[in-house]
Amino acid sequence: MKLLYTLNSPYARKVRIVAAEKHIEIELQEVALAAPDCPVKQYNPLGKVPVLILSDGDSLYDSRVIAEYLDNRTPLAHLIPKDNTAKSAVRRWEALADGVCDAAVAVMLEQRRVEDKQDVAYIAKQMDKVTRGLTALNNDLGQNKWCVDDAFSLADIAVGCMLGYLGLRFAQQFDIAADYGNLARLQQALLKRQSFKDTLPVAN
Ligand SMILES: N[C@@H](CCC(=O)N[C@@H](CS)C(=O)NCC(=O)O)C(=O)O
């Protein structure tokens, strides 16, 4: 199996962490999405990473589908609970964390345009999603160690990848330690795991 990824994609990081936590060997191929010969479109019509290429040449996307596929590949250390209520809770945390990433990525892309072409109202709307998402996640976590049922899961991985991305791209705008203390505590716990240490985003 081969994963097409970019170094700082929070969605690809989620998949890399799931694979590491499950001790599943995956060949990693870093891609440049803007390169004319980028292989991603060949495997995912949407042209987005991550894409997992299976041994029969078939491909899986997006990150949520890949995470579930990997989680079911081995019985070891399940990251998505079997119980329906707990499973939905984990998937909801993931949906919100990924949604915060979607809004943050949208802002980052808009801010890369020439300044007088940027849509200020659009940026503000996306930033509101980020802020509301962070507040909800921080409140829902409360004093709990992990997001769902006191067990490490895909929910924690998704939230950790989102926080890593905000730290990389929006460190000036969001002071997680000061304003979202519960999330900051979760992030500290996650950063002790080898899977998180090995996939830290790199400023570029
Ligand atoms: N929902 C998708 C989001 C993937 C995504 O947006 N990836 C970004 C990189 S962070 C991408 O490939 N963008 C290229 C594009 O949109 O053309 C997932 O969870 O995998």
# chains A, B, ... in the order shown; residues from 1 in each chain; ligands from 1
>>> residues_around(residues="Gly142 in chain A", least_positions_apart="3", cutoff="12 Å", atoms="only C-alpha atoms", output="PyMOL selection string")
chain A and resi 135-139+145-148+150+180-186
>>> write_last_selection(atoms="all heavy atoms", output="tab-separated table (two decimals), in the first residue's frame")
chain	number	residue	atom	x	y	z
A	135	THR	N	-14.17	26.46	20.07
A	135	THR	CA	-14.92	26.64	21.32
A	135	THR	C	-15.72	25.38	21.64
A	135	THR	O	-15.71	24.90	22.80
A	135	THR	CB	-15.86	27.86	21.19
A	135	THR	OG1	-15.06	29.00	20.86
A	135	THR	CG2	-16.62	28.13	22.47
A	136	ALA	N	-16.40	24.84	20.64
A	136	ALA	CA	-17.21	23.64	20.87
A	136	ALA	C	-16.34	22.45	21.29
A	136	ALA	O	-16.66	21.73	22.25
A	136	ALA	CB	-18.00	23.30	19.61
A	137	LEU	N	-15.23	22.27	20.59
A	137	LEU	CA	-14.35	21.13	20.91
A	137	LEU	C	-13.77	21.29	22.32
A	137	LEU	O	-13.70	20.33	23.09
A	137	LEU	CB	-13.22	21.02	19.87
A	137	LEU	CG	-13.65	20.63	18.45
A	137	LEU	CD1	-12.53	20.89	17.45
A	137	LEU	CD2	-14.09	19.18	18.37
A	138	ASN	N	-13.37	22.52	22.65
A	138	ASN	CA	-12.78	22.79	23.96
A	138	ASN	C	-13.81	22.54	25.08
A	138	ASN	O	-13.50	21.90	26.09
A	138	ASN	CB	-12.29	24.24	24.01
A	138	ASN	CG	-11.46	24.54	25.24
A	138	ASN	OD1	-10.40	23.95	25.42
A	138	ASN	ND2	-11.95	25.41	26.09
A	139	ASN	N	-15.05	22.99	24.85
A	139	ASN	CA	-16.10	22.79	25.85
A	139	ASN	C	-16.46	21.31	25.97
A	139	ASN	O	-16.67	20.80	27.07
A	139	ASN	CB	-17.36	23.59	25.49
A	139	ASN	CG	-17.12	25.09	25.67
A	139	ASN	OD1	-16.16	25.49	26.33
A	139	ASN	ND2	-17.96	25.90	25.06
A	145	LYS	N	-9.64	13.33	29.78
A	145	LYS	CA	-8.31	13.12	29.21
A	145	LYS	C	-8.40	12.97	27.68
A	145	LYS	O	-7.63	13.56	26.95
A	145	LYS	CB	-7.66	11.87	29.83
A	145	LYS	CG	-6.30	11.62	29.22
A	145	LYS	CD	-5.45	10.62	29.97
A	145	LYS	CE	-4.07	10.59	29.34
A	145	LYS	NZ	-3.36	9.35	29.55
A	146	TRP	N	-9.32	12.14	27.23
A	146	TRP	CA	-9.50	11.90	25.79
A	146	TRP	C	-10.90	12.34	25.38
A	146	TRP	O	-11.79	12.49	26.23
A	146	TRP	CB	-9.30	10.42	25.44
A	146	TRP	CG	-7.96	9.86	25.85
A	146	TRP	CD1	-7.73	8.85	26.73
A	146	TRP	CD2	-6.65	10.27	25.38
A	146	TRP	NE1	-6.39	8.60	26.85
A	146	TRP	CE2	-5.70	9.46	26.03
A	146	TRP	CE3	-6.20	11.23	24.47
A	146	TRP	CZ2	-4.33	9.57	25.81
A	146	TRP	CZ3	-4.83	11.35	24.25
A	146	TRP	CH2	-3.92	10.54	24.91
A	147	CYS	N	-11.10	12.49	24.07
A	147	CYS	CA	-12.37	13.08	23.58
A	147	CYS	C	-13.59	12.20	23.88
A	147	CYS	O	-14.64	12.70	24.24
A	147	CYS	CB	-12.28	13.31	22.07
A	147	CYS	SG	-11.00	14.48	21.60
A	148	VAL	N	-13.46	10.88	23.70
A	148	VAL	CA	-14.63	10.01	23.82
A	148	VAL	C	-14.35	8.86	24.79
A	148	VAL	O	-13.38	8.11	24.60
A	148	VAL	CB	-15.04	9.43	22.43
A	148	VAL	CG1	-16.23	8.47	22.57
A	148	VAL	CG2	-15.37	10.55	21.46
A	150	ASP	N	-13.05	8.28	27.61
A	150	ASP	CA	-11.78	8.07	28.29
A	150	ASP	C	-10.84	7.09	27.60
A	150	ASP	O	-10.02	6.43	28.25
A	150	ASP	CB	-12.02	7.60	29.74
A	150	ASP	CG	-11.94	8.79	30.69
A	150	ASP	OD1	-11.32	9.80	30.30
A	150	ASP	OD2	-12.51	8.70	31.79
A	180	TYR	N	-7.94	28.12	24.86
A	180	TYR	CA	-8.59	26.81	24.74
A	180	TYR	C	-7.77	25.80	25.55
A	180	TYR	O	-7.12	24.90	25.01
A	180	TYR	CB	-8.67	26.38	23.26
A	180	TYR	CG	-9.34	27.41	22.38
A	180	TYR	CD1	-8.58	28.32	21.64
A	180	TYR	CD2	-10.74	27.50	22.32
A	180	TYR	CE1	-9.20	29.29	20.84
A	180	TYR	CE2	-11.36	28.47	21.52
A	180	TYR	CZ	-10.58	29.36	20.79
A	180	TYR	OH	-11.19	30.31	20.01
A	181	GLY	N	-7.78	26.03	26.88
A	181	GLY	CA	-6.89	25.27	27.77
A	181	GLY	C	-7.10	23.76	27.72
A	181	GLY	O	-6.13	23.00	27.83
A	182	ASN	N	-8.35	23.32	27.54
A	182	ASN	CA	-8.59	21.87	27.52
A	182	ASN	C	-7.95	21.25	26.28
A	182	ASN	O	-7.35	20.17	26.34
A	182	ASN	CB	-10.10	21.59	27.52
A	182	ASN	CG	-10.77	22.15	28.76
A	182	ASN	OD1	-10.14	22.26	29.81
A	182	ASN	ND2	-12.03	22.53	28.64
A	183	LEU	N	-8.07	21.97	25.15
A	183	LEU	CA	-7.46	21.45	23.92
A	183	LEU	C	-5.93	21.47	24.02
A	183	LEU	O	-5.25	20.56	23.53
A	183	LEU	CB	-7.91	22.27	22.70
A	183	LEU	CG	-9.39	22.17	22.33
A	183	LEU	CD1	-9.70	23.05	21.12
A	183	LEU	CD2	-9.80	20.73	22.04
A	184	ALA	N	-5.40	22.50	24.68
A	184	ALA	CA	-3.94	22.59	24.85
A	184	ALA	C	-3.43	21.40	25.66
A	184	ALA	O	-2.38	20.82	25.36
A	184	ALA	CB	-3.58	23.90	25.53
A	185	ARG	N	-4.19	21.02	26.67
A	185	ARG	CA	-3.80	19.87	27.51
A	185	ARG	C	-3.84	18.58	26.69
A	185	ARG	O	-2.92	17.76	26.76
A	185	ARG	CB	-4.77	19.80	28.71
A	185	ARG	CG	-4.43	18.79	29.78
A	185	ARG	CD	-5.38	18.87	30.97
A	185	ARG	NE	-6.75	19.23	30.64
A	185	ARG	CZ	-7.65	18.39	30.12
A	185	ARG	NH1	-7.33	17.15	29.86
A	185	ARG	NH2	-8.88	18.81	29.85
A	186	LEU	N	-4.88	18.44	25.87
A	186	LEU	CA	-4.96	17.25	25.00
A	186	LEU	C	-3.76	17.22	24.05
A	186	LEU	O	-3.13	16.17	23.85
A	186	LEU	CB	-6.27	17.28	24.19
A	186	LEU	CG	-6.43	16.20	23.12
A	186	LEU	CD1	-6.49	14.81	23.75
A	186	LEU	CD2	-7.70	16.43	22.28
>>> residues_near_ligand(ligand="ligand 1", cutoff="8 Å", atoms="only C-alpha atoms and all ligand atoms", output="PyMOL selection string")
chain A and resi 6+8-12+33+46-51+61-64+98+102+105
>>> residues_around(residues="Ala103 in chain A", least_positions_apart="3", cutoff="8 Å", atoms="only C-alpha atoms", output="PDB file with C-alpha atoms, in the first residue's frame")
ATOM      1  CA  GLY A  99     -14.346  20.981   9.291  1.00  0.00           C
ATOM      2  CA  VAL A 100     -12.168  23.407  11.245  1.00  0.00           C
ATOM      3  CA  ALA A 106      -9.857  28.038   2.825  1.00  0.00           C
ATOM      4  CA  VAL A 107      -8.579  31.115   4.687  1.00  0.00           C
ATOM      5  CA  GLN A 126     -14.352  30.980   7.551  1.00  0.00           C
ATOM      6  CA  MET A 127     -12.537  32.333  10.631  1.00  0.00           C
ATOM      7  CA  LYS A 129     -16.173  28.583  11.715  1.00  0.00           C
ATOM      8  CA  VAL A 130     -12.690  27.990  13.123  1.00  0.00           C
TER       9      VAL A 130
END
>>> select_by_dssp(residues="range 3-203 of chain A", states="strand (DSSP E or B)", output="PyMOL selection string")
chain A and resi 3-5+27-30+51-53+59-60+148+151
>>> write_last_selection(atoms="N, CA, C and O atoms", output="mmCIF file, in the first residue's frame")
data_model
loop_
_atom_site.group_PDB
_atom_site.id
_atom_site.type_symbol
_atom_site.label_atom_id
_atom_site.label_comp_id
_atom_site.auth_asym_id
_atom_site.auth_seq_id
_atom_site.Cartn_x
_atom_site.Cartn_y
_atom_site.Cartn_z
ATOM 1 N N LEU A 3 0.805 5.563 0.242
ATOM 2 C CA LEU A 3 0.029 6.769 0.558
ATOM 3 C C LEU A 3 0.620 7.962 -0.170
ATOM 4 O O LEU A 3 1.796 8.282 -0.004
ATOM 5 N N LEU A 4 -0.218 8.622 -0.991
ATOM 6 C CA LEU A 4 0.188 9.891 -1.589
ATOM 7 C C LEU A 4 -0.184 10.982 -0.594
ATOM 8 O O LEU A 4 -1.335 11.047 -0.139
ATOM 9 N N TYR A 5 0.802 11.809 -0.249
ATOM 10 C CA TYR A 5 0.544 12.797 0.795
ATOM 11 C C TYR A 5 1.384 14.049 0.568
ATOM 12 O O TYR A 5 2.342 14.027 -0.214
ATOM 13 N N GLU A 27 3.955 2.456 2.398
ATOM 14 C CA GLU A 27 4.973 3.226 1.677
ATOM 15 C C GLU A 27 4.444 4.658 1.543
ATOM 16 O O GLU A 27 3.264 4.846 1.221
ATOM 17 N N LEU A 28 5.321 5.632 1.802
ATOM 18 C CA LEU A 28 4.883 7.032 1.730
ATOM 19 C C LEU A 28 5.452 7.685 0.481
ATOM 20 O O LEU A 28 6.649 7.566 0.212
ATOM 21 N N GLN A 29 4.598 8.339 -0.294
ATOM 22 C CA GLN A 29 5.102 9.107 -1.439
ATOM 23 C C GLN A 29 4.631 10.554 -1.313
ATOM 24 O O GLN A 29 3.444 10.849 -1.463
ATOM 25 N N GLU A 30 5.611 11.423 -1.040
ATOM 26 C CA GLU A 30 5.267 12.842 -0.930
ATOM 27 C C GLU A 30 5.041 13.395 -2.336
ATOM 28 O O GLU A 30 5.786 13.065 -3.258
ATOM 29 N N VAL A 51 -4.379 10.064 -0.583
ATOM 30 C CA VAL A 51 -4.921 8.949 -1.373
ATOM 31 C C VAL A 51 -4.134 7.705 -0.980
ATOM 32 O O VAL A 51 -2.898 7.753 -0.912
ATOM 33 N N LEU A 52 -4.842 6.620 -0.736
ATOM 34 C CA LEU A 52 -4.166 5.352 -0.448
ATOM 35 C C LEU A 52 -4.307 4.454 -1.662
ATOM 36 O O LEU A 52 -5.428 4.147 -2.097
ATOM 37 N N ILE A 53 -3.151 4.047 -2.235
ATOM 38 C CA ILE A 53 -3.176 3.142 -3.385
ATOM 39 C C ILE A 53 -2.999 1.720 -2.852
ATOM 40 O O ILE A 53 -2.007 1.421 -2.172
ATOM 41 N N SER A 59 -7.757 2.631 -5.519
ATOM 42 C CA SER A 59 -7.372 3.691 -4.580
ATOM 43 C C SER A 59 -8.511 4.039 -3.629
ATOM 44 O O SER A 59 -9.684 3.843 -3.952
ATOM 45 N N LEU A 60 -8.113 4.550 -2.470
ATOM 46 C CA LEU A 60 -9.086 4.992 -1.461
ATOM 47 C C LEU A 60 -8.845 6.453 -1.114
ATOM 48 O O LEU A 60 -7.713 6.897 -1.009
ATOM 49 N N VAL A 148 -13.458 10.881 23.697
ATOM 50 C CA VAL A 148 -14.634 10.012 23.818
ATOM 51 C C VAL A 148 -14.353 8.865 24.786
ATOM 52 O O VAL A 148 -13.381 8.107 24.603
ATOM 53 N N ALA A 151 -10.977 6.984 26.287
ATOM 54 C CA ALA A 151 -10.076 6.096 25.537
ATOM 55 C C ALA A 151 -9.513 6.851 24.330
ATOM 56 O O ALA A 151 -10.254 7.605 23.668
#
>>> residues_around(residues="Leu79 in chain A", least_positions_apart="6", cutoff="7 Å", atoms="only C-alpha atoms", output="list in words")
Asp71, Ser153 and Leu154 of chain A
>>> residues_around(residues="Ala203 in chain A", least_positions_apart="4", cutoff="12 Å", atoms="only C-alpha atoms", output="ChimeraX atom specification")
/A:7-9,164-171
>>> residues_around(residues="Val90 in chain A", least_positions_apart="3", cutoff="7 Å", atoms="only C-alpha atoms", output="PDB file with N, CA, C and O atoms, in the first residue's frame")
ATOM      1  N   ILE A  80     -11.590   3.343  16.116  1.00  0.00           N
ATOM      2  CA  ILE A  80     -13.011   3.652  15.938  1.00  0.00           C
ATOM      3  C   ILE A  80     -13.779   2.569  16.698  1.00  0.00           C
ATOM      4  O   ILE A  80     -13.676   1.388  16.344  1.00  0.00           O
ATOM      5  N   ALA A  86     -20.715   5.191  20.624  1.00  0.00           N
ATOM      6  CA  ALA A  86     -19.334   5.684  20.747  1.00  0.00           C
ATOM      7  C   ALA A  86     -18.747   5.960  19.363  1.00  0.00           C
ATOM      8  O   ALA A  86     -18.024   6.948  19.166  1.00  0.00           O
ATOM      9  N   LYS A  87     -19.088   5.084  18.403  1.00  0.00           N
ATOM     10  CA  LYS A  87     -18.568   5.275  17.045  1.00  0.00           C
ATOM     11  C   LYS A  87     -19.065   6.605  16.465  1.00  0.00           C
ATOM     12  O   LYS A  87     -18.293   7.379  15.904  1.00  0.00           O
ATOM     13  N   TRP A  93     -16.667  14.060  16.347  1.00  0.00           N
ATOM     14  CA  TRP A  93     -15.459  14.833  16.714  1.00  0.00           C
ATOM     15  C   TRP A  93     -14.568  15.000  15.486  1.00  0.00           C
ATOM     16  O   TRP A  93     -14.027  16.063  15.223  1.00  0.00           O
ATOM     17  N   GLU A  94     -14.423  13.902  14.739  1.00  0.00           N
ATOM     18  CA  GLU A  94     -13.568  13.952  13.548  1.00  0.00           C
ATOM     19  C   GLU A  94     -14.146  14.935  12.525  1.00  0.00           C
ATOM     20  O   GLU A  94     -13.412  15.731  11.932  1.00  0.00           O
ATOM     21  N   VAL A 148     -13.458  10.881  23.697  1.00  0.00           N
ATOM     22  CA  VAL A 148     -14.634  10.012  23.818  1.00  0.00           C
ATOM     23  C   VAL A 148     -14.353   8.865  24.786  1.00  0.00           C
ATOM     24  O   VAL A 148     -13.381   8.107  24.603  1.00  0.00           O
ATOM     25  N   LEU A 154      -9.674   7.845  17.205  1.00  0.00           N
ATOM     26  CA  LEU A 154      -9.543   8.676  16.015  1.00  0.00           C
ATOM     27  C   LEU A 154      -9.970  10.121  16.287  1.00  0.00           C
ATOM     28  O   LEU A 154      -9.465  11.055  15.654  1.00  0.00           O
ATOM     29  N   ALA A 155     -10.877  10.309  17.236  1.00  0.00           N
ATOM     30  CA  ALA A 155     -11.310  11.669  17.588  1.00  0.00           C
ATOM     31  C   ALA A 155     -10.112  12.490  18.071  1.00  0.00           C
ATOM     32  O   ALA A 155      -9.916  13.636  17.646  1.00  0.00           O
TER      33      ALA A 155
END
>>> residues_around(residues="His23 in chain A", least_positions_apart="4", cutoff="9 Å", atoms="only C-alpha atoms", output="number ranges by chain")
A: 18-19, 74, 76
>>> select_by_dssp(residues="range 36-182 of chain A", states="alpha helix (DSSP H)", output="PyMOL selection string")
chain A and resi 40-43+63-73+84-111+120-141+154-169+176-179+181-182
>>> closest_residue(among="A:Glu115, A:Val120, A:Ile157, A:Asp149", to="Thr85 in chain A", atoms="only C-alpha atoms")
A:Asp149
>>> closest_residue(among="A:Ala20, A:Asp56, A:Thr131, A:Leu190", to="Ile176 in chain A", atoms="only C-alpha atoms")
A:Thr131
>>> closest_residue(among="A:Leu109, A:Ala158, A:Ala104, A:Val15", to="Lys125 in chain A", atoms="only C-alpha atoms")
A:Ala104
